[in-house]
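Student: Sending over a structure as structure tokens; questions will come in a sec.
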Amino acid sequence: MWRYLRSVLWKAKLLRGVFNTAQSVNTDKFISNGPCSSVSGKKWVRPSGFATGLKTFNSLTKQKEPLILERERVATWYSCGPTVYDHAHLGHACSYVRFDILQRILSRLFGITVIHAMVITDIDDKIIKRSWEDNVSPTTIATLYEDEFKRDMLSLKVIPPAVYLRVTENVHHIVAFIEGIIKNGHAYATKEGDVYFDIQSIGDRYGKFVGAVDSQGEPGSTNKRDSRDFALWKQSKPQEPYWESPWGRGRPGWHIECSTIASSVFGSQLDIHSGGIDLAFPHHENEVAQSEAYHQCGQWANYFLHSGHLHLKGSAEKMSKSLKNYITIKDFLQSYSASEFRMFCLLTKYRSAIDYSESSMLEARTSLGTISTFIHDAKAYIKGQLQCTPVQEAVLWERLAETKYSVVKALADDFDTPRAISAVMNLVYHGNCQLQPVSKSEGVARSPAVFGAMVTYISDVLDVFGIDLLHIKEADVVSSCRSLEGIVEKLTHFRSEVRAFALARQDCTITGSPNKPGLYPDRIPLLKACDILRSELAPLGVLIKDRGATSTWELTEGKPSQRGQYKDQETSS
Ligand SMILES: Nc1ncnc2c1ncn2[C@@H]1O[C@H](COP(=O)(O)OP(=O)(O)OP(=O)(O)O)[C@@H](O)[C@H]1O
Ligand SMILES: [Zn+2]
């Protein structure tokens, strides 16, 4: 077993650069948790290690616990990834964005390096079924939706895990892991070629998430010793993909992939394991049973974090691929930005269920809009463009200090993002109260520094949450280009009208100088203004060409040599 652990850790080379203390896993650590035989019951043991100052709700104890890490300022984090047989939807977005926010808080605010590994379930009954329906291979289906999932996560600004690992590339590890569990006396093979976990062999330690479990278990062989026993290895049916194994041709069960892959990266001990709440039982329950049976330890993962489900408002069911009640991430991003979705997530606790609706998205949009407007006004004030009555500067410095304290306190308390956002909104409110515009400000004292500090702090906090204050959605980039063209068109048209007016010739009979028709002298400043506008737009990439009484325009980005070509044409003519 040690050789196996060492070899898999060796493969996870990237970890070595990040772990600053060890070249290999400290195997003494999990032995100190006690071998399975000596550990009874489900009691959670508070890890010995490095306190972080945070508390987090642990599904293993169903209460908040101090977050203590195995290594100083390093958190090992494993998360269950998607089963890639269909489009990623807002339910996935919600779960992965919420955990991304938690990881950003740990790393950016608390200085903890998070090493995150995620499995991609690329072989499973649903993938096989979908491949039959579409008449393509399971690999084609899995690759298509895995790529789409990763693209969607990038558009939502989710920081990718240190490693994504596919089940199909780890089957040899899975087979070795199952052999280890059998050797330790916690699993058995049937004559049909299936392998089951032997729940009775771990006594009362099964049921860490739900207490006394009286489950019927999953359907399977009638040769199961206990109806709750679950499959580690399934004999393949005709036409199904298979791998060779000591038990014949088959493929891994669902739960074993996570135990094996998490162990292949992190060894026998894990700080944090995450997933949606639907995964707590039986998936995480079974992962724990397998991992502790393999590693012969009493506590494999110290903290299980579960996110609440996203529902369509009014629906009792979670949004899900199998229920076909979903909105894809791509469709969503046509109407809203990634930052707006993040704000929507921040406004509820990560563990709560969340109702998705147009009105909840508009609430998120409004909150972001309020912050953006404040930042815009504060910057105008700092630059001296916005004149205001004298500011109570000391009050604002105090509010800023209080906000900093409240934000950290809220986030250290099980990542209470709604409370942190409320503290930030409160600061914005007080900032706005102090920005009272006046038309004349000569001699009025100004306080740009405190507004500079507030702008910087609020931008930093939003940045921790992955929010970009411009919060431009991709669809808007295209439409804003279009509206920019519309603005240039209108501006050029207006200039043409002014220019035509300014170029009008005086009536010779009125002036009494029939041989010298000329411009109206009082309109010459208008012509000069038209010239100035044209020459000032040129360096911005808008080239206006006057052609007789009318004008045309073009964008000249990348063609600077043409800029200034028409300089001072009017007034010099
Ligand atoms: N509506 C949802 N709200 C929050 N998290 C979700 C939601 N749907 C899925 N998740 C989470 O996304 C992750 C990947 O889930 P999975 O691929 O099994 O999605 P699914 O849509 O539930 O699929 P299926 O319908 O096949 O069960 C899991 O952690 C799961 O808990
Ligand atoms: Zn899992």
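Residues are named by chain letter and number: chains run A, B, ... in the order of the structure tokens, numbers start at 1 in each chain, and ligands are numbered from 1 in the order shown.
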From range 175-368 of chain A, collect each residue whose DSSP state is strand (DSSP E) and return the set as a PyMOL selection string.
Tutor: chain A and resi 187-189+195-197+231-235+250-252+270-276+301-307+310-312+354-356
Student: Next, write the just-selected residues to a file, as an mmCIF file, in the first residue's frame, keeping C-alpha atoms as the atom set.
Tutor:
data_model
loop_
_atom_site.group_PDB
_atom_site.id
_atom_site.type_symbol
_atom_site.label_atom_id
_atom_site.label_comp_id
_atom_site.auth_asym_id
_atom_site.auth_seq_id
_atom_site.Cartn_x
_atom_site.Cartn_y
_atom_site.Cartn_z
ATOM 1 C CA ALA A 187 -15.246 -6.055 -0.156
ATOM 2 C CA TYR A 188 -16.036 -9.272 -1.978
ATOM 3 C CA ALA A 189 -16.396 -10.453 -5.570
ATOM 4 C CA VAL A 195 -17.375 -6.544 -6.620
ATOM 5 C CA TYR A 196 -19.369 -5.152 -3.689
ATOM 6 C CA PHE A 197 -18.392 -3.189 -0.632
ATOM 7 C CA ALA A 231 -20.887 -1.878 -6.359
ATOM 8 C CA LEU A 232 -17.178 -1.148 -6.622
ATOM 9 C CA TRP A 233 -16.832 -2.966 -9.911
ATOM 10 C CA LYS A 234 -19.588 -3.887 -12.353
ATOM 11 C CA GLN A 235 -19.356 -6.675 -14.853
ATOM 12 C CA GLY A 250 -16.146 -4.630 -16.401
ATOM 13 C CA ARG A 251 -16.117 -1.003 -15.338
ATOM 14 C CA PRO A 252 -15.906 0.911 -12.066
ATOM 15 C CA LEU A 270 -7.762 15.143 2.801
ATOM 16 C CA ASP A 271 -8.652 18.477 4.337
ATOM 17 C CA ILE A 272 -11.807 19.404 2.429
ATOM 18 C CA HIS A 273 -14.222 17.510 0.202
ATOM 19 C CA SER A 274 -17.057 19.318 -1.553
ATOM 20 C CA GLY A 275 -20.118 18.678 -3.682
ATOM 21 C CA GLY A 276 -23.805 19.469 -3.999
ATOM 22 C CA ALA A 301 -11.598 13.657 4.801
ATOM 23 C CA ASN A 302 -11.807 16.056 7.719
ATOM 24 C CA TYR A 303 -14.434 18.462 6.341
ATOM 25 C CA PHE A 304 -17.325 17.842 3.967
ATOM 26 C CA LEU A 305 -18.816 21.010 2.509
ATOM 27 C CA HIS A 306 -22.155 20.701 0.716
ATOM 28 C CA SER A 307 -23.759 23.422 -1.368
ATOM 29 C CA LEU A 310 -30.573 25.799 -7.273
ATOM 30 C CA HIS A 311 -34.262 25.512 -8.136
ATOM 31 C CA LEU A 312 -36.329 27.318 -10.677
ATOM 32 C CA ILE A 354 -31.421 29.199 -3.974
ATOM 33 C CA ASP A 355 -34.385 30.186 -6.145
ATOM 34 C CA TYR A 356 -33.528 31.275 -9.633
#
Student: Can you write out as a tab-separated table which residues of chain A fall within 10 Å of ligand 2, alongside each residue's closest atom pair and its distance in Å to one decimal, counting only C-alpha atoms and all ligand atoms and ordering rows by chain and ascending residue number?
Tutor:
residue	atom	partner	partner_atom_place_in_ligand_line	distance
A:Tyr78	CA	ligand 2	1 (Zn)	8.5
A:Ser79	CA	ligand 2	1 (Zn)	6.7
A:Cys80	CA	ligand 2	1 (Zn)	4.1
A:Gly81	CA	ligand 2	1 (Zn)	7.1
A:Pro82	CA	ligand 2	1 (Zn)	9.2
A:Met118	CA	ligand 2	1 (Zn)	8.8
A:Val119	CA	ligand 2	1 (Zn)	7.5
A:Ile120	CA	ligand 2	1 (Zn)	9.5
A:Thr121	CA	ligand 2	1 (Zn)	8.9
A:Trp254	CA	ligand 2	1 (Zn)	7.8
A:His255	CA	ligand 2	1 (Zn)	6.1
A:Ile256	CA	ligand 2	1 (Zn)	8.2
A:Glu257	CA	ligand 2	1 (Zn)	7.2
A:Cys258	CA	ligand 2	1 (Zn)	4.6
A:Ser259	CA	ligand 2	1 (Zn)	7.4
A:Thr260	CA	ligand 2	1 (Zn)	9.9
A:Ile261	CA	ligand 2	1 (Zn)	9.3
A:Ala262	CA	ligand 2	1 (Zn)	8.9
A:His273	CA	ligand 2	1 (Zn)	8.7
A:Ser274	CA	ligand 2	1 (Zn)	8.4
A:Gly275	CA	ligand 2	1 (Zn)	7.4
A:Gly276	CA	ligand 2	1 (Zn)	9.9
A:Leu279	CA	ligand 2	1 (Zn)	7.4
A:Ala280	CA	ligand 2	1 (Zn)	9.3
A:His283	CA	ligand 2	1 (Zn)	6.3
A:His284	CA	ligand 2	1 (Zn)	6.4
A:Glu285	CA	ligand 2	1 (Zn)	9.9
A:Asn286	CA	ligand 2	1 (Zn)	9.3
A:Glu287	CA	ligand 2	1 (Zn)	7.0
Student: What's around range 359-372 of chain A at 9 Å? Count only C-alpha atoms, leave out sequence neighbours fewer than 3 positions away in its own chain, and write the answer as a VMD selection string.
Tutor: chain A and resid 336 339 to 347 355 to 356 375 to 377 424 to 425 428 458 469 to 471
Student: Using only C-alpha atoms and all ligand atoms for the distances, tell me which of A:Gly91, A:Pro66, A:Gly203, A:Gly41 is nearest to ligand 1.
Tutor: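 Looking only at the distances to ligand 1, the closest residue turns out to be A:Gly91.
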Student: What parts of range 280-465 of chain A does DSSP call alpha helix (DSSP H)? I'd like the answer as a ChimeraX atom specification.
Tutor: /A:285-295,329-335,338-346,358-383,393-412,417-434,448-464
Student: Hey, what's within 9 Å of Gly452 in chain A if we count only C-alpha atoms and toss same-chain stuff fewer than 3 positions away? As a list in words, please?
Tutor: Ala378, Lys379, Ile382, Pro448, Ala449, Val455, Thr456 and Tyr457 of chain A
